[in-house]
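Below you'll find the structure, written out as structure tokens, and then a few comments.
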Amino acid sequence: MAFYKNDGGALLEAPNFVLNRAYELRAESHLEQEYPVDGWWWFESAGEACGFFGVPVPAPAPEEGGEAEAGEEGVRP
């Protein structure tokens with residue numbers, strides 16, 4: 001659950017709040033807002049937001065811990 005905004009095809013996510021000179025969006029009061037607010041919407045998941053905005057679902061972050069072997073000229077695959 002978070003605030004989401006489509007920024008030219010890139011999905012912006014703000015799980016707790018969005019602060020701006022003109023407004024404040026806070027997760028604890030998200031039901032009190034009328035959306036959109038400067039392009040920000042509240043969704044239950046990133047997948048729901050991507051479907052609404054028509055943008056691809058972001059790839060999951062790589063797992064931490066394992067380091068890839070360096071390829072040729074020090075470039076990681």
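FYI, nothing fancy with the structure tokens labels: chains A, B, ... in order, residues from 1 per chain, ligands from 1 as they appear.
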
#### Entry: All strand (DSSP E or B) residues (DSSP, backbone) inside chain A, as a list in words
Ala2, Phe3, Tyr4, Lys5, Asn6, Asp7, Ala10, Leu11, Leu12, Glu13, Ala14, Phe17, Val18, Leu19, Glu24, Leu25, Arg26, Val37, Trp40, Trp41, Trp42 and Phe43 of chain A

Store the residues of this selection in a file with N, CA and C atoms, as an mmCIF file, in the first residue's frame.
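Final file, part35.cif:
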data_model
loop_
_atom_site.group_PDB
_atom_site.id
_atom_site.type_symbol
_atom_site.label_atom_id
_atom_site.label_comp_id
_atom_site.auth_asym_id
_atom_site.auth_seq_id
_atom_site.Cartn_x
_atom_site.Cartn_y
_atom_site.Cartn_z
ATOM 1 N N ALA A 2 0.620 2.113 -0.964
ATOM 2 C CA ALA A 2 1.478 3.285 -1.088
ATOM 3 C C ALA A 2 0.844 4.287 -2.047
ATOM 4 N N PHE A 3 1.467 5.460 -2.106
ATOM 5 C CA PHE A 3 1.134 6.449 -3.115
ATOM 6 C C PHE A 3 1.981 6.137 -4.344
ATOM 7 N N TYR A 4 1.369 6.274 -5.522
ATOM 8 C CA TYR A 4 2.076 6.012 -6.770
ATOM 9 C C TYR A 4 1.795 7.133 -7.755
ATOM 10 N N LYS A 5 2.805 7.390 -8.610
ATOM 11 C CA LYS A 5 2.664 8.414 -9.642
ATOM 12 C C LYS A 5 3.365 7.926 -10.900
ATOM 13 N N ASN A 6 2.749 8.160 -12.050
ATOM 14 C CA ASN A 6 3.375 7.842 -13.329
ATOM 15 C C ASN A 6 4.178 9.054 -13.769
ATOM 16 N N ASP A 7 5.490 8.908 -13.792
ATOM 17 C CA ASP A 7 6.383 9.997 -14.171
ATOM 18 C C ASP A 7 6.983 9.678 -15.533
ATOM 19 N N ALA A 10 7.755 5.985 -15.828
ATOM 20 C CA ALA A 10 8.456 5.430 -14.661
ATOM 21 C C ALA A 10 7.504 5.524 -13.465
ATOM 22 N N LEU A 11 7.359 4.428 -12.754
ATOM 23 C CA LEU A 11 6.458 4.400 -11.608
ATOM 24 C C LEU A 11 7.180 4.910 -10.366
ATOM 25 N N LEU A 12 6.678 5.999 -9.796
ATOM 26 C CA LEU A 12 7.208 6.519 -8.541
ATOM 27 C C LEU A 12 6.377 5.947 -7.404
ATOM 28 N N GLU A 13 7.019 5.568 -6.312
ATOM 29 C CA GLU A 13 6.333 4.977 -5.166
ATOM 30 C C GLU A 13 6.737 5.708 -3.895
ATOM 31 N N ALA A 14 5.750 6.044 -3.083
ATOM 32 C CA ALA A 14 5.983 6.696 -1.789
ATOM 33 C C ALA A 14 5.140 5.965 -0.759
ATOM 34 N N PHE A 17 4.668 8.817 2.770
ATOM 35 C CA PHE A 17 4.190 10.183 2.596
ATOM 36 C C PHE A 17 4.777 10.812 1.343
ATOM 37 N N VAL A 18 4.100 11.907 0.909
ATOM 38 C CA VAL A 18 4.585 12.779 -0.153
ATOM 39 C C VAL A 18 4.433 14.186 0.390
ATOM 40 N N LEU A 19 5.527 14.916 0.472
ATOM 41 C CA LEU A 19 5.486 16.288 0.989
ATOM 42 C C LEU A 19 5.820 17.263 -0.132
ATOM 43 N N GLU A 24 0.364 17.816 1.488
ATOM 44 C CA GLU A 24 0.994 16.707 2.210
ATOM 45 C C GLU A 24 0.096 15.496 2.060
ATOM 46 N N LEU A 25 0.658 14.399 1.589
ATOM 47 C CA LEU A 25 -0.070 13.140 1.524
ATOM 48 C C LEU A 25 0.571 12.196 2.526
ATOM 49 N N ARG A 26 -0.219 11.635 3.397
ATOM 50 C CA ARG A 26 0.305 10.724 4.430
ATOM 51 C C ARG A 26 -0.495 9.432 4.402
ATOM 52 N N VAL A 37 -3.873 13.769 -6.680
ATOM 53 C CA VAL A 37 -3.263 14.959 -6.098
ATOM 54 C C VAL A 37 -1.917 15.124 -6.802
ATOM 55 N N TRP A 40 -0.502 11.984 -8.027
ATOM 56 C CA TRP A 40 -0.356 10.905 -7.053
ATOM 57 C C TRP A 40 -1.705 10.252 -6.791
ATOM 58 N N TRP A 41 -1.675 8.901 -6.688
ATOM 59 C CA TRP A 41 -2.847 8.093 -6.368
ATOM 60 C C TRP A 41 -2.445 7.106 -5.277
ATOM 61 N N TRP A 42 -3.419 6.584 -4.551
ATOM 62 C CA TRP A 42 -3.177 5.542 -3.545
ATOM 63 C C TRP A 42 -3.618 4.206 -4.131
ATOM 64 N N PHE A 43 -2.740 3.187 -4.057
ATOM 65 C CA PHE A 43 -3.070 1.839 -4.507
ATOM 66 C C PHE A 43 -2.621 0.832 -3.461
#

### Message
Please compute the atom CA of Val57 of chain A-atom CA of Pro15 of chain A distance, one decimal, in Å.
### Response
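Computed distance, atom CA of Val57 of chain A to atom CA of Pro15 of chain A, equals 16.5 Å.
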